[in-house]
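All remarks here apply to the structure that follows.
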Amino acid sequence: MNLLYINWDINPEIANILGIPLKYYGLLFLTGLVLSLNVLKRIYQKEKLSAKAHDALFTYALIGIMVGARLGHCIFYDFDYYSQHPLEIFLPIQQGPDGAYHFTGFAGLASHGGGIGLVIALLLYARKYTIPFMTVLDAIAIVLPLGGTFIRLANLMNSEIIGVPTDVPWAFIFRQVDDLPRHPAQLYEAISYLVIFLLVYFIYRKNIFRIGQGFYFGISILLIFIMRILIEFIKVDQVEFEHGMILNMGQLLSIPFVLLGLFFMIKSILEKGKMKTA
């Protein structure tokens, strides 16, 4: 029966150089960031924003996403542990049973925290380069789902954020976890985010809405977090305290993003309507 399913037994490490692991996660994360920035370069050129501002965006985005995602995981999902091991929050190490610290890489990032960290970093960035904050948010929002696609592919390579057991023909058996066929929840999210990116980028290329009105920010986070809420129903709970919850932590944290996206999307549509009738 197992032959009907996809046997997934990928080693998360590509290579180990002098004790430092090179992992698919980091490679895919960086690939997604670089591709997103390349698309953003075209957007900046089209919107006549400075090349200097675009070049600085990588640093702001990377720091904002990484710090926010790391803090989000440590605070929302594993506060009890990290409150006792604060050194491990910002250093890629973990204390073993022998009391010694070992290099592990960062073994926990939360997308909601990454989103919050990115917004804060972009606020500082917009002030520094005197670009309207809403213009920056709209531009970033167009490529945000593209970056999310690669993050979820990275989760797939790590055999993490797996789905519940199922008998669908495309089920994955995550050999690094167990021998049960499961929903490839990471792949569902990756495909969803890619479709969202293509849709939002298509709307932008057709000049249906101007950047800076909040439409792209609204539609992007609305669709991303609606899919997050839906797919969470077929995911294995990430932490023990989520057992028995009607909505898990990922879903609860997604609700404010959905409401925020809906607000900006409706606001921009109404403003566009007023401009037509003026």
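Identifiers in the structure tokens: chain A, B, ... in order shown; residue index from 1 per chain; ligand index from 1 in order shown.
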
Which residues of region 67-165 of chain A come within 7 Å of region 6-24 of chain A, and what is each one's closest atom pair and distance in Å (one decimal), counting only C-alpha atoms, sorted by chain and residue number, as a tab-separated table?
```
residue	atom	partner	partner_atom	distance
A:Ala154	CA	A:Tyr24	CA	6.3
A:Met157	CA	A:Pro12	CA	5.8
A:Asn158	CA	A:Pro12	CA	5.1
```

Output N, CA and C atoms for every residue in that selection, as a short mmCIF file (atom, residue, chain, number, x, y, z; two decimals), in the first residue's frame.
```
data_model
loop_
_atom_site.label_atom_id
_atom_site.label_comp_id
_atom_site.auth_asym_id
_atom_site.auth_seq_id
_atom_site.Cartn_x
_atom_site.Cartn_y
_atom_site.Cartn_z
N ALA A 154 10.88 25.04 1.96
CA ALA A 154 11.95 24.76 2.91
C ALA A 154 11.43 23.88 4.04
N MET A 157 11.32 20.36 2.85
CA MET A 157 12.63 19.71 2.86
C MET A 157 13.05 19.30 4.27
N ASN A 158 12.52 20.01 5.27
CA ASN A 158 12.81 19.68 6.67
C ASN A 158 11.86 18.64 7.24
#
```

Sorted per-residue table, region 218-261 of chain A near region 112-121 of chain A, closest atoms and distance, 12 Å, only C-alpha atoms, as a tab-separated table:
```
residue	atom	partner	partner_atom	distance
A:Ile221	CA	A:Gly115	CA	9.5
A:Ile224	CA	A:His112	CA	11.1
A:Phe225	CA	A:His112	CA	9.5
A:Arg228	CA	A:His112	CA	10.5
A:Met249	CA	A:His112	CA	10.2
A:Gly250	CA	A:His112	CA	7.9
A:Gln251	CA	A:His112	CA	10.1
A:Leu252	CA	A:His112	CA	10.4
A:Leu253	CA	A:His112	CA	6.9
A:Ser254	CA	A:His112	CA	7.4
A:Ile255	CA	A:His112	CA	10.7
A:Pro256	CA	A:His112	CA	10.3
A:Phe257	CA	A:His112	CA	8.8
A:Val258	CA	A:His112	CA	11.8
```

Spatial neighbours of Ser268 (chain A), 9 Å, only C-alpha atoms, chain gap at least 5 places, as number ranges by chain: A: 209, 213-215, 218, 263, 273

Restricting the output to N, CA, C and O atoms, write the selected residues as a PDB file, in the first residue's frame.
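Saved result, part.pdb, follows:
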```pdb
ATOM      1  N   PHE A 209      -4.987  48.822  -9.980  1.00  0.00           N
ATOM      2  CA  PHE A 209      -4.858  49.682  -8.800  1.00  0.00           C
ATOM      3  C   PHE A 209      -3.459  50.258  -8.760  1.00  0.00           C
ATOM      4  O   PHE A 209      -2.495  49.587  -9.131  1.00  0.00           O
ATOM      5  N   GLN A 213      -2.167  52.759  -2.567  1.00  0.00           N
ATOM      6  CA  GLN A 213      -3.552  52.852  -2.123  1.00  0.00           C
ATOM      7  C   GLN A 213      -3.878  51.810  -1.049  1.00  0.00           C
ATOM      8  O   GLN A 213      -4.911  51.886  -0.402  1.00  0.00           O
ATOM      9  N   GLY A 214      -3.020  50.822  -0.898  1.00  0.00           N
ATOM     10  CA  GLY A 214      -3.245  49.782   0.102  1.00  0.00           C
ATOM     11  C   GLY A 214      -3.911  48.541  -0.435  1.00  0.00           C
ATOM     12  O   GLY A 214      -4.083  47.556   0.298  1.00  0.00           O
ATOM     13  N   PHE A 215      -4.290  48.547  -1.734  1.00  0.00           N
ATOM     14  CA  PHE A 215      -4.987  47.383  -2.286  1.00  0.00           C
ATOM     15  C   PHE A 215      -4.113  46.137  -2.279  1.00  0.00           C
ATOM     16  O   PHE A 215      -4.554  45.059  -1.871  1.00  0.00           O
ATOM     17  N   GLY A 218      -3.599  44.784   1.103  1.00  0.00           N
ATOM     18  CA  GLY A 218      -4.830  44.179   1.595  1.00  0.00           C
ATOM     19  C   GLY A 218      -5.101  42.813   0.992  1.00  0.00           C
ATOM     20  O   GLY A 218      -5.328  41.836   1.708  1.00  0.00           O
ATOM     21  N   PHE A 263      -9.841  45.168   5.527  1.00  0.00           N
ATOM     22  CA  PHE A 263     -10.027  46.612   5.711  1.00  0.00           C
ATOM     23  C   PHE A 263      -9.334  47.394   4.594  1.00  0.00           C
ATOM     24  O   PHE A 263      -9.945  48.271   3.962  1.00  0.00           O
ATOM     25  N   GLY A 273     -13.525  53.889  -6.358  1.00  0.00           N
ATOM     26  CA  GLY A 273     -14.863  54.212  -6.843  1.00  0.00           C
ATOM     27  C   GLY A 273     -15.189  55.687  -6.739  1.00  0.00           C
ATOM     28  O   GLY A 273     -15.797  56.275  -7.643  1.00  0.00           O
TER      29      GLY A 273
END
```

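Nearest-residue note for Lys272 (chain A): choosing from A:Arg205, A:Arg152, A:Arg210, A:Arg175, the minimum distance belongs to A:Arg210, counting only C-alpha atoms.
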
CA of Glu232 (chain A) to CA of Pro181 (chain A), distance in Å rounded to a single decimal: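 CA of Pro181 (chain A) lies 17.3 Å from CA of Glu232 (chain A).
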
Nearby residues (only C-alpha atoms) at most 9 Å from Pro145 (chain A), same-chain spacing under 4 positions excluded, as a PyMOL selection string: chain A and resi 141+149-150+190+192-198+220-221+224
